[in-house]
2 protein chains.
Amino acid sequence: MSLALDPAAQDLLFREARTANTFTDEPVTDEQVQAIYDLVKYGPTSMNQSPLRVVLVRSPEARERLLQHMAEGNRAKTAAAPLVAILAADNEFHEELPQLFPHFPQAKDTVFGDRAVRESSALLNGALQAAYFIVGVRAAGLAAGPMTGFDHEGVRKEFLDDDHTPLMVVNIGRPGEGAFRPRAPRLTYDQVVTTV
Amino acid sequence: MSLALDPAAQDLLFREARTANTFTDEPVTDEQVQAIYDLVKYGPTSMNQSPLRVVLVRSPEARERLLQHMAEGNRAKTAAAPLVAILAADNEFHEELPQLFPHFPQAKDTVFGDRAVRESSALLNGALQAAYFIVGVRAAGLAAGPMTGFDHEGVRKEFLDDDHTPLMVVNIGRPGEGAFRPRAPRLTYDQVVTTV
C-alpha cells in the first residue's frame with residue numbers, strides 16, 4: 001500500500017529524520033523559523049485554539065540561564081545547538097478565540113470560561129502543535145532535538161509566566177558528527193491497533 | 001525562504017489539508033491504516049515511549065455505541081465517516097520500554113515507576129503521536145476529522161480501560177460534498193514567537 005505523499009518526503013519527515021544530539025555551526029535564521037511556522041500553523045487544533053507559543057533562546061545570556069534548568073544529560077547539546085526553542089502552551093489562549101474561531105466567539109466564555117478546562121485543552125492542543133512544529137523543522141531540512149528533561153517550573157519562572165506551561169525544549173540545526181543514536185525499535189501495528 | 005519539503009507535499013499535509021466534516025462512501029482499508037502507522041511510528045517521543053494506542057471502530061454495533069458518547073454536533077459526521085478511530089494514551093506504556101529503549105531498560109522502574117508521572121508523560125507524548133497520525137492520514141491522501149467533543153469517561157469505559165486515556169476521536173475518509181468550512185484565521189508569527 002503506497003501513500004499519496006512521495007517517498008522522498010516520507011523519508012525527510014519520518015523515515016530518515018532522526019532526533020539530533022550534535023549540530024554543525026550553521027546558524028538557523030529567523031526567516032527559517034518563520035517559514036516553518038507559516039507552514040505548520042495550519043495544523044488542526046480544537047476550535048482552532050492554537051495555544052502554542054514559542055520562545056527562541058538566542059542571546060548567550062539567555063542560553064546560559066536555560067542551561068541551568070536542563071537535565072545534566074541534555075546540557076551539552078543544548079549549549080551547542082545553533083538555535084534553541086522553548087515550546088509552551090498558553091493557558092489564556094481563549095483571549096484570541098474571537099479572532100481564531102469567528103463563527104462561535106462565545107466559546108471564549110462558555111466552553112473555555114474555566115481555567116482548569118483551558119489548561120487541559122491547552123496542554124493537549126499545544127502538544128499537537130509541538131508535533132507539527134517538529135515535523136516543520138524537518139520540512140525545513142533541519143534536525144530537531146526535542147527534550148522534556150528539564151526543570152519545568154524553573155523554565156516557566158525564568159522565561160514564561162503563570163499563564164504559560166512549558167511543553168518541551170527543542171534544539172534545532174543541521175546534524176553534526178555522531179548526531180544520531182542507532183534507531184530504536186518501534187511497536188508493531190498489532191501492538192498498537194485493535195479493531196472493534 | 002523556501003523549505004526543503006516540496007510544495008506539493010506542503011499543500012498535501014498542511015496548506016491544502018483541512019478538517020473534513022463530510023465524507024464519500026469510499027472505504028478506508030486496514031492496509032491504508034497500516035501504511036499510515038508504518039510511516040508515523042517513527043515520529044519522536046520521550047525515550048521512545050510510544051504511548052499511542054488506536055481503536056478502529058469498524059462494526060456497526062461498535063459505531064452505535066460510540067455515537068452515544070459523542071457531542072451532539074459531532075454525531076452525524078461520526079455516523080457517516082468510512083472509518084472512525086479512537087486515539088488513546090497507554091498509561092502503562094513503561095511495560096514496553098525495555099523493548100523500545102533498550103539502552104536504558106531501567107527507565108521502566110526508575111523514571112516511570114510512578115503512575116502519575118506515567119499519566120502525564122503518556123498524555124503529552126500520546127498527543128504528539130496523535131498529531132503525527134493526523135499528518136499520516138493526510139499523507140495517505142485522506143482527510144481527518146479529529147474531535148475532542150465527546151464524553152471521555154464514557155468512551156474510556158466503553159472501549160478502553162482504566163489504564164488508557166482517550167485523547168481524541170478521528171473520522172477518516174475522502175472528503176465529501178461541503179466537507180470544509182471556510183479556513184479560519186491563524187495567529188501571526190509575531191503573536192506566537194518571541195526572542196530572548
# chains A, B, ... in the order shown; residues from 1 in each chain; ligands from 1
>>> calpha_fit_and_write(fixed="chain B", moving="chain A", output="CSV table (one decimal) with C-alpha atoms, in the first residue's frame")
chain,number,residue,atom,x,y,z
A,1,MET,CA,12.6,31.4,2.4
A,2,SER,CA,11.8,28.0,0.9
A,3,LEU,CA,11.6,24.8,2.7
A,4,ALA,CA,13.3,21.5,1.8
A,5,LEU,CA,9.9,19.8,1.6
A,6,ASP,CA,8.5,20.1,-1.9
A,7,PRO,CA,5.5,22.5,-2.2
A,8,ALA,CA,3.0,19.7,-3.3
A,9,ALA,CA,3.8,17.9,0.0
A,10,GLN,CA,3.4,21.1,2.0
A,11,ASP,CA,0.0,21.5,0.4
A,12,LEU,CA,-1.0,17.9,1.0
A,13,LEU,CA,0.0,17.9,4.7
A,14,PHE,CA,-0.7,21.4,5.8
A,15,ARG,CA,-1.7,24.2,3.4
A,16,GLU,CA,-4.5,22.5,1.4
A,17,ALA,CA,-5.3,19.8,4.0
A,18,ARG,CA,-8.4,20.6,6.0
A,19,THR,CA,-10.5,19.0,8.7
A,20,ALA,CA,-13.4,17.2,6.9
A,21,ASN,CA,-16.9,17.2,8.1
A,22,THR,CA,-18.4,15.0,5.4
A,23,PHE,CA,-17.0,12.0,3.5
A,24,THR,CA,-17.6,9.9,0.4
A,25,ASP,CA,-18.6,6.2,0.8
A,26,GLU,CA,-15.1,5.0,-0.3
A,27,PRO,CA,-13.9,2.6,2.4
A,28,VAL,CA,-10.7,3.1,4.4
A,29,THR,CA,-8.9,-0.3,4.5
A,30,ASP,CA,-6.8,-1.8,7.2
A,31,GLU,CA,-3.9,-1.7,4.7
A,32,GLN,CA,-4.2,2.0,4.5
A,33,VAL,CA,-4.2,2.4,8.3
A,34,GLN,CA,-1.1,0.1,8.4
A,35,ALA,CA,0.7,2.2,5.8
A,36,ILE,CA,-0.1,5.3,7.9
A,37,TYR,CA,1.1,3.7,11.1
A,38,ASP,CA,4.3,2.3,9.5
A,39,LEU,CA,5.2,5.9,8.5
A,40,VAL,CA,4.3,7.9,11.6
A,41,LYS,CA,5.5,5.4,14.1
A,42,TYR,CA,8.9,7.0,13.5
A,43,GLY,CA,7.9,10.3,15.0
A,44,PRO,CA,9.8,11.1,18.1
A,45,THR,CA,8.6,10.6,21.7
A,46,SER,CA,10.3,11.0,25.1
A,47,MET,CA,12.6,8.0,25.5
A,48,ASN,CA,10.8,6.4,22.5
A,49,GLN,CA,7.9,5.6,24.9
A,50,SER,CA,5.3,5.5,22.1
A,51,PRO,CA,2.2,5.5,24.3
A,52,LEU,CA,-0.4,5.9,21.5
A,53,ARG,CA,-2.9,3.2,21.1
A,54,VAL,CA,-5.6,3.1,18.4
A,55,VAL,CA,-9.0,1.5,18.4
A,56,LEU,CA,-10.6,1.2,14.9
A,57,VAL,CA,-14.4,1.3,15.3
A,58,ARG,CA,-15.5,-0.9,12.4
A,59,SER,CA,-18.6,-2.8,13.3
A,60,PRO,CA,-22.0,-1.1,13.1
A,61,GLU,CA,-22.7,-2.2,16.7
A,62,ALA,CA,-19.5,-0.5,18.0
A,63,ARG,CA,-20.2,2.6,15.9
A,64,GLU,CA,-23.6,2.8,17.5
A,65,ARG,CA,-22.1,2.6,21.0
A,66,LEU,CA,-19.5,5.3,20.2
A,67,LEU,CA,-22.2,7.7,18.8
A,68,GLN,CA,-23.9,7.7,22.2
A,69,HIS,CA,-20.8,9.3,23.7
A,70,MET,CA,-20.2,11.9,21.0
A,71,ALA,CA,-21.2,15.5,21.5
A,72,GLU,CA,-24.4,16.2,19.5
A,73,GLY,CA,-22.6,18.3,16.9
A,74,ASN,CA,-20.2,15.5,16.2
A,75,ARG,CA,-22.7,12.7,16.0
A,76,ALA,CA,-23.9,12.8,12.3
A,77,LYS,CA,-20.4,13.0,10.8
A,78,THR,CA,-19.1,10.3,13.1
A,79,ALA,CA,-22.0,8.1,12.0
A,80,ALA,CA,-21.2,8.8,8.3
A,81,ALA,CA,-17.4,8.5,8.2
A,82,PRO,CA,-16.0,5.5,6.4
A,83,LEU,CA,-13.7,4.8,9.4
A,84,VAL,CA,-13.6,6.1,12.9
A,85,ALA,CA,-10.5,5.7,15.1
A,86,ILE,CA,-10.3,6.3,18.9
A,87,LEU,CA,-6.8,7.6,19.8
A,88,ALA,CA,-5.7,6.9,23.4
A,89,ALA,CA,-2.7,7.1,25.6
A,90,ASP,CA,-1.5,3.9,27.4
A,91,ASN,CA,-0.6,4.8,30.9
A,92,GLU,CA,1.2,1.5,31.3
A,93,PHE,CA,3.5,2.2,28.3
A,94,HIS,CA,6.5,1.5,30.6
A,95,GLU,CA,5.9,-2.2,30.3
A,96,GLU,CA,7.2,-1.9,26.7
A,97,LEU,CA,10.1,0.4,27.5
A,98,PRO,CA,12.7,-2.4,27.7
A,99,GLN,CA,11.8,-3.2,24.1
A,100,LEU,CA,11.5,0.4,23.0
A,101,PHE,CA,14.5,2.0,24.8
A,102,PRO,CA,16.9,-0.9,25.1
A,103,HIS,CA,20.0,1.1,26.1
A,104,PHE,CA,18.3,2.2,29.4
A,105,PRO,CA,15.8,-0.5,30.3
A,106,GLN,CA,15.9,0.6,34.0
A,107,ALA,CA,13.8,3.6,33.0
A,108,LYS,CA,10.8,1.4,33.2
A,109,ASP,CA,11.1,1.4,37.0
A,110,THR,CA,13.2,4.4,37.8
A,111,VAL,CA,11.9,7.3,35.6
A,112,PHE,CA,8.5,5.8,35.1
A,113,GLY,CA,7.8,3.8,38.3
A,114,ASP,CA,5.2,6.3,39.4
A,115,ARG,CA,1.7,6.2,37.8
A,116,ALA,CA,1.2,9.9,38.0
A,117,VAL,CA,4.4,10.5,36.1
A,118,ARG,CA,3.4,8.0,33.5
A,119,GLU,CA,0.0,9.5,33.0
A,120,SER,CA,1.4,13.0,32.5
A,121,SER,CA,4.1,11.7,30.1
A,122,ALA,CA,1.7,9.5,28.2
A,123,LEU,CA,-0.7,12.4,27.7
A,124,LEU,CA,2.0,14.7,26.2
A,125,ASN,CA,3.6,12.0,24.1
A,126,GLY,CA,0.3,10.4,23.1
A,127,ALA,CA,-0.7,13.8,21.8
A,128,LEU,CA,2.5,14.2,19.8
A,129,GLN,CA,1.7,10.8,18.2
A,130,ALA,CA,-1.9,11.8,17.6
A,131,ALA,CA,-0.6,14.8,15.6
A,132,TYR,CA,1.8,12.6,13.7
A,133,PHE,CA,-1.2,10.3,13.0
A,134,ILE,CA,-3.2,13.2,11.6
A,135,VAL,CA,-0.3,14.1,9.4
A,136,GLY,CA,-0.1,10.5,8.3
A,137,VAL,CA,-3.8,10.3,7.4
A,138,ARG,CA,-3.2,13.3,5.1
A,139,ALA,CA,0.0,11.7,3.8
A,140,ALA,CA,-2.3,8.8,2.7
A,141,GLY,CA,-4.3,11.2,0.6
A,142,LEU,CA,-7.2,11.1,3.1
A,143,ALA,CA,-8.9,13.7,5.2
A,144,ALA,CA,-9.0,13.5,9.0
A,145,GLY,CA,-11.7,14.9,11.2
A,146,PRO,CA,-10.2,15.0,14.7
A,147,MET,CA,-12.7,15.6,17.6
A,148,THR,CA,-12.3,16.2,21.3
A,149,GLY,CA,-16.0,16.8,21.8
A,150,PHE,CA,-17.2,13.6,23.4
A,151,ASP,CA,-17.8,12.1,26.9
A,152,HIS,CA,-14.2,11.0,27.6
A,153,GLU,CA,-15.1,8.9,30.6
A,154,GLY,CA,-17.9,7.2,28.7
A,155,VAL,CA,-15.5,6.3,25.8
A,156,ARG,CA,-12.9,5.1,28.2
A,157,LYS,CA,-15.4,2.7,29.9
A,158,GLU,CA,-17.0,1.6,26.7
A,159,PHE,CA,-13.8,0.9,24.6
A,160,LEU,CA,-10.8,1.1,26.8
A,161,ASP,CA,-9.9,0.5,30.5
A,162,ASP,CA,-8.5,2.4,33.5
A,163,ASP,CA,-5.0,2.2,32.0
A,164,HIS,CA,-5.9,4.1,28.9
A,165,THR,CA,-6.9,7.8,28.5
A,166,PRO,CA,-8.8,8.7,25.3
A,167,LEU,CA,-7.2,11.7,23.5
A,168,MET,CA,-9.5,12.2,20.5
A,169,VAL,CA,-11.8,10.5,18.1
A,170,VAL,CA,-10.8,10.9,14.4
A,171,ASN,CA,-13.1,10.5,11.4
A,172,ILE,CA,-11.1,9.3,8.3
A,173,GLY,CA,-12.1,9.1,4.7
A,174,ARG,CA,-12.2,11.0,1.4
A,175,PRO,CA,-13.9,14.4,1.8
A,176,GLY,CA,-17.4,14.6,0.5
A,177,GLU,CA,-19.6,17.4,-0.6
A,178,GLY,CA,-19.4,20.5,1.6
A,179,ALA,CA,-16.7,18.8,3.7
A,180,PHE,CA,-14.9,22.0,4.5
A,181,ARG,CA,-15.7,25.1,6.5
A,182,PRO,CA,-14.0,28.3,5.4
A,183,ARG,CA,-10.4,28.3,6.6
A,184,ALA,CA,-10.3,30.1,10.0
A,185,PRO,CA,-7.5,32.7,10.5
A,186,ARG,CA,-4.2,31.7,12.2
A,187,LEU,CA,-2.2,33.7,14.7
A,188,THR,CA,0.7,35.7,13.1
A,189,TYR,CA,4.3,34.8,13.7
A,190,ASP,CA,4.7,37.8,16.0
A,191,GLN,CA,1.7,36.7,18.1
A,192,VAL,CA,3.3,33.3,18.7
A,193,VAL,CA,7.1,33.7,18.6
A,194,THR,CA,9.3,35.9,20.9
A,195,THR,CA,13.0,36.0,21.1
A,196,VAL,CA,15.2,36.4,24.2
>>> select_by_dssp(residues="chain A", states="helix (DSSP H, G or I)", output="PyMOL selection string")
chain A and resi 7-15+30-40+46-48+60-67+72-80+93-100+105-108+115-139+152-159+189-192
